[in-house]
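So the structure is just underneath, and the comments pick up after that.
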Amino acid sequence: MEVNIKILLVLLLTVSLSQAEDFDTFLQDAIKKSPYLKANSLNIDRAQEQASLTTRYKNPSLRLVTSNFSEDKKSDTLGYAVGLTQPLRLWGLSDAREGLANAQKGEASSFVQLNRANFVKRLSLLFVKYKKVQEDKKLAKLALNISKKIAAISKSRFKNGTITQAKYIQAKVDVKRGKNFLNKVDIISLESYYSLLGFSGISDEVALDSAYEFHLSANHSGINSASVAFTKSKQKRAEAQAELNSHKIEWVTAFGKFEKEPTQSIARIGVNIPLAVFNRKTQEKQIAKLQVKTSKLIAQNQINAITKSLKKLDISINALNVLEQSTQELLESQNELLLMYENGYKIANINLIELQMIKNQMIKTKAELINIQTKREQNIIEHNFLTGEYNE
């Protein structure tokens with residue numbers, strides 16, 4: 001199993017670091033190639049067709065009739081009638097239907113934008129997870145190298161008779177523990193890489209530069225969330241539907257008819273006008289009004305929630321910056337202490353247990369620093385999403 005993992009890792013590193021893509025390049029490539037985003041963009045085409053369906057006219061109808069006017073039905077005394085009917089849209093309905101069609105297209109466009117923003121956000125979070133694992137791998141290698149150094153010193157001291165065999169074995173066990181942990185991190189690294197690649201929709205394997213850093217968008221405090229924009233587009237569609245439903249009668253039917261009988265010819269033209277007696281669209285108008293009101297309330301609730309979320313994220317990011325600085329200072333002190341203990345252990349002034357304890361404390365602090373940096377970047381991504389940085 002270990003050999004297979006190492007082979008996979010070698011394959012992933014066949015592309016040199018100088019050719020590794022940064023996240024911006026990888027993201028743009030994913031946006032172009034993602035089947036999910038391609039399918040998502042088809043919503044705009046569908047909305048265009050739906051808009052055409054909303055504004056199109058009804059088809060005319062043709063009626064053909066032949067009649068026999070002979071009493072014995074043996075004569076060739078025949079007649080015929082031809083009728084043509086055409087539904088006509090009332091004045092003002094064209095603008096209302098055009099408004100609804102535009103609102104439908106706007107809603108589809110906002111939906112596509114929301115899905116794109118969510119895609120960029122999710123891909124960014126997966127990259128941060130991948131980046132964290134790469135840092136964890138570096139930390140695991142660092143811990144293993146320190147354990148190997150301690151084991152080498154222990155071996156020398158054991159040969160010199162300054163420590164017991166048990167201490168030397170303990171140092172070797174610590175090396176094996178480090179190797180085992182590194183193998184586990186290698187597996188997690190592969191999983192995070194293929195999760196990232198699988199979500200991106202990119203079929204080719206690419207080398208990624210994990211040194212990329214996320215920063216707050218230039219629109220640091222503005223709210224331009226794609227989710228709010230989508231809710232507002234639904235509100236506009238509801239308003240357009242309400243405007244259309246305010247017309248009790250939408251269509252009248254014009255007709256023309258010509259009848260040819262043996263003794264006379266008759267031509268008729270007229271209009272069928274529906275009477276809004278029982279169906280006055282009262283329910284439709286009320287439903288549309290409720291939809292408009294609902295959309296307004298949802299949009300306002302989203303804005304309030306986003307405002308609070310942005311404030312919380314700002315506070316969290318600032319606090320994490322402070323915590324990162326203090327953790328970095330602690331780490332530097334622990335590194336200095338570890339070096340001093342390593343030198344002391346070489347000359348038998350320091351106990352092995354004390355040295356390993358200092359090493360473990362340093363590794364723990366380094367792991368905490370990685371977690372702090374990861375959490376900060378996750379918060380930055382969420383912040384950028386809410387302020388509209390990932391909108392198209």
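A note on labels: chains of the structure tokens are A, B, ... as shown, every chain counts residues from 1, and ligands are counted from 1 in their shown order.
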Listing only residues of stretch 347-390 of chain A within 6 Å of stretch 202-223 of chain A, what is the closest atom pair and its distance in Å (to one decimal) for each, using only C-alpha atoms, sorted by chain and residue number ascending, as a tab-separated table?
```
residue	atom	partner	partner_atom	distance
A:Ile380	CA	A:Leu216	CA	5.8
A:Asn384	CA	A:Ser217	CA	5.8
A:Thr387	CA	A:Ile223	CA	4.7
```
Prev. selection, N, CA and C atoms, output as a short mmCIF file (atom, residue, chain, number, x, y, z; two decimals), in the first residue's frame:
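Okay, this is what ended up in result38.cif:
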```cif
data_model
loop_
_atom_site.label_atom_id
_atom_site.label_comp_id
_atom_site.auth_asym_id
_atom_site.auth_seq_id
_atom_site.Cartn_x
_atom_site.Cartn_y
_atom_site.Cartn_z
N ILE A 380 -12.41 34.46 4.58
CA ILE A 380 -12.22 35.42 3.48
C ILE A 380 -13.04 34.99 2.27
N ASN A 384 -15.95 37.17 0.60
CA ASN A 384 -15.93 37.56 -0.81
C ASN A 384 -17.20 37.11 -1.53
N THR A 387 -20.06 39.50 -0.63
CA THR A 387 -19.92 40.85 -1.20
C THR A 387 -19.94 40.83 -2.73
#
```
TODO: Might you pull out every residue within 8 Å of stretch 254-256 of chain A, with only C-alpha atoms counted and same-chain residues fewer than 6 positions away left off, and present them as a list of chain:residue names?
DONE: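 Answer for this query is A:Gly83, A:Leu84, A:Thr85, A:Gln86, A:Pro87, A:Leu88, A:Ala267, A:Arg268, A:Ile269, A:Gly270, A:Val271, A:Asn272.
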Task: Spatial neighbours of A:Leu27, max dist 12 Å, only C-alpha atoms, sep filter under 3 positions, as a ChimeraX atom specification - done: /A:21-24,30-34,116-117,119-127,196-197,199-202,208,390
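Distance-wise, atom CA of A:Lys172 and atom CA of A:Ala143 end up 13.2 Å apart.
Using only C-alpha atoms, the shortest contact distance between A:Arg63 and any of A:Ile169, A:Ala367, A:Ala81, A:Ala47 is found at A:Ala81.
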Task: Between atom CA of A:Lys179 and atom CA of A:Leu144, distance in Å (one decimal) - done: 6.5 Å
Open item on the list: Just want the 10 Å neighbourhood of A:Gln286, counted on only C-alpha atoms, with same-chain residues fewer than 6 positions away dropped. Output as number ranges by chain.
Closed with: A: 242, 245-246, 292
Task: Residues within 12 Å of A:Lys138, only C-alpha atoms, excluding chain neighbours under 5 positions, as a PyMOL selection string - done: chain A and resi 131-133+143-145+181-182+185-186+189+210+363+366-367+370
Could you turn the residues from that selection into a file that holds C-alpha atoms, as a PDB file, in the first residue's frame?
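The result, written out as result30.pdb:
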```pdb
ATOM      1  CA  LYS A 131      -3.623  23.622   0.582  1.00  0.00           C
ATOM      2  CA  LYS A 132      -4.001  22.779   4.281  1.00  0.00           C
ATOM      3  CA  VAL A 133      -3.157  19.129   3.613  1.00  0.00           C
ATOM      4  CA  ALA A 143       8.383  16.191  12.537  1.00  0.00           C
ATOM      5  CA  LEU A 144       9.858  13.065  10.939  1.00  0.00           C
ATOM      6  CA  ASN A 145      13.167  14.810  10.212  1.00  0.00           C
ATOM      7  CA  PHE A 181       1.659   9.677  10.229  1.00  0.00           C
ATOM      8  CA  LEU A 182       3.260  10.926   6.993  1.00  0.00           C
ATOM      9  CA  VAL A 185      -1.249  12.479   5.366  1.00  0.00           C
ATOM     10  CA  ASP A 186      -0.203  11.249   1.903  1.00  0.00           C
ATOM     11  CA  SER A 189      -3.467  14.552   0.215  1.00  0.00           C
ATOM     12  CA  SER A 210      -0.456  25.524  -3.033  1.00  0.00           C
ATOM     13  CA  ILE A 363       4.702  20.558  16.159  1.00  0.00           C
ATOM     14  CA  LYS A 366       2.747  24.690  14.043  1.00  0.00           C
ATOM     15  CA  ALA A 367      -0.413  22.641  13.438  1.00  0.00           C
ATOM     16  CA  ILE A 370      -1.946  26.019   9.934  1.00  0.00           C
TER      17      ILE A 370
END
```
Open item on the list: Which residues are near A:Asn102? Cut-off 10 Å, only C-alpha atoms, ignore same chain within fewer than 3 positions. Put them as number ranges by chain.
Closed with: A: 47-48, 51-52, 54, 96-99, 105-108, 236-237, 240
Open item on the list: Which of stretch 32-77 of chain A end up as helix (DSSP H, G or I) when DSSP is run on this backbone - answer as a list in words?
Closed with: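 Here are the helix (DSSP H, G or I) residues of stretch 32-77 of chain A: Lys32, Lys33, Pro35, Tyr36, Leu37, Lys38, Ala39, Asn40, Ser41, Leu42, Asn43, Ile44, Asp45, Arg46, Ala47, Gln48, Glu49, Gln50, Ala51, Ser52, Leu53, Thr54 and Thr55 of chain A.
Minimum distance to A:Tyr345 across A:Leu42, A:Asn68, A:Tyr80, A:Thr162 (counting only C-alpha atoms) occurs at A:Thr162.
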Task: Expected answer as a PyMOL selection string: strand (DSSP E) residues in stretch 123-256 of chain A - done: chain A and resi 251-256
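If you look at atom CA of A:Leu331 and atom CA of A:Glu354, they are 17.2 Å away from each other.
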- [ ] For stretch 173-176 of chain A, list every protein, DNA or RNA residue within 12 Å, evaluated using only C-alpha atoms, and leave out those in the same chain fewer than 4 positions away; present the list as number ranges by chain.
- [x] A: 140-152, 154, 166-169, 180-183, 352-353, 356-357, 359-360
Open item on the list: Could you check the closest approach to A:Glu239 for each of A:Thr294, A:Asn335, A:Thr307, A:Gln378 and tell me which residue wins, using only C-alpha atoms?
Closed with: A:Thr294
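For the set A:Gly79, A:Gln104, A:Ile187, A:Gly388, the residue with the smallest atom-to-atom gap to A:Ser265 is A:Gly79, counting only C-alpha atoms.
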Task: Nearest candidate to A:Ile273 (options A:Gln235, A:Leu90, A:Leu386, A:Val228; using only C-alpha atoms) - done: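 The answer is A:Leu90, which sits nearest to A:Ile273.
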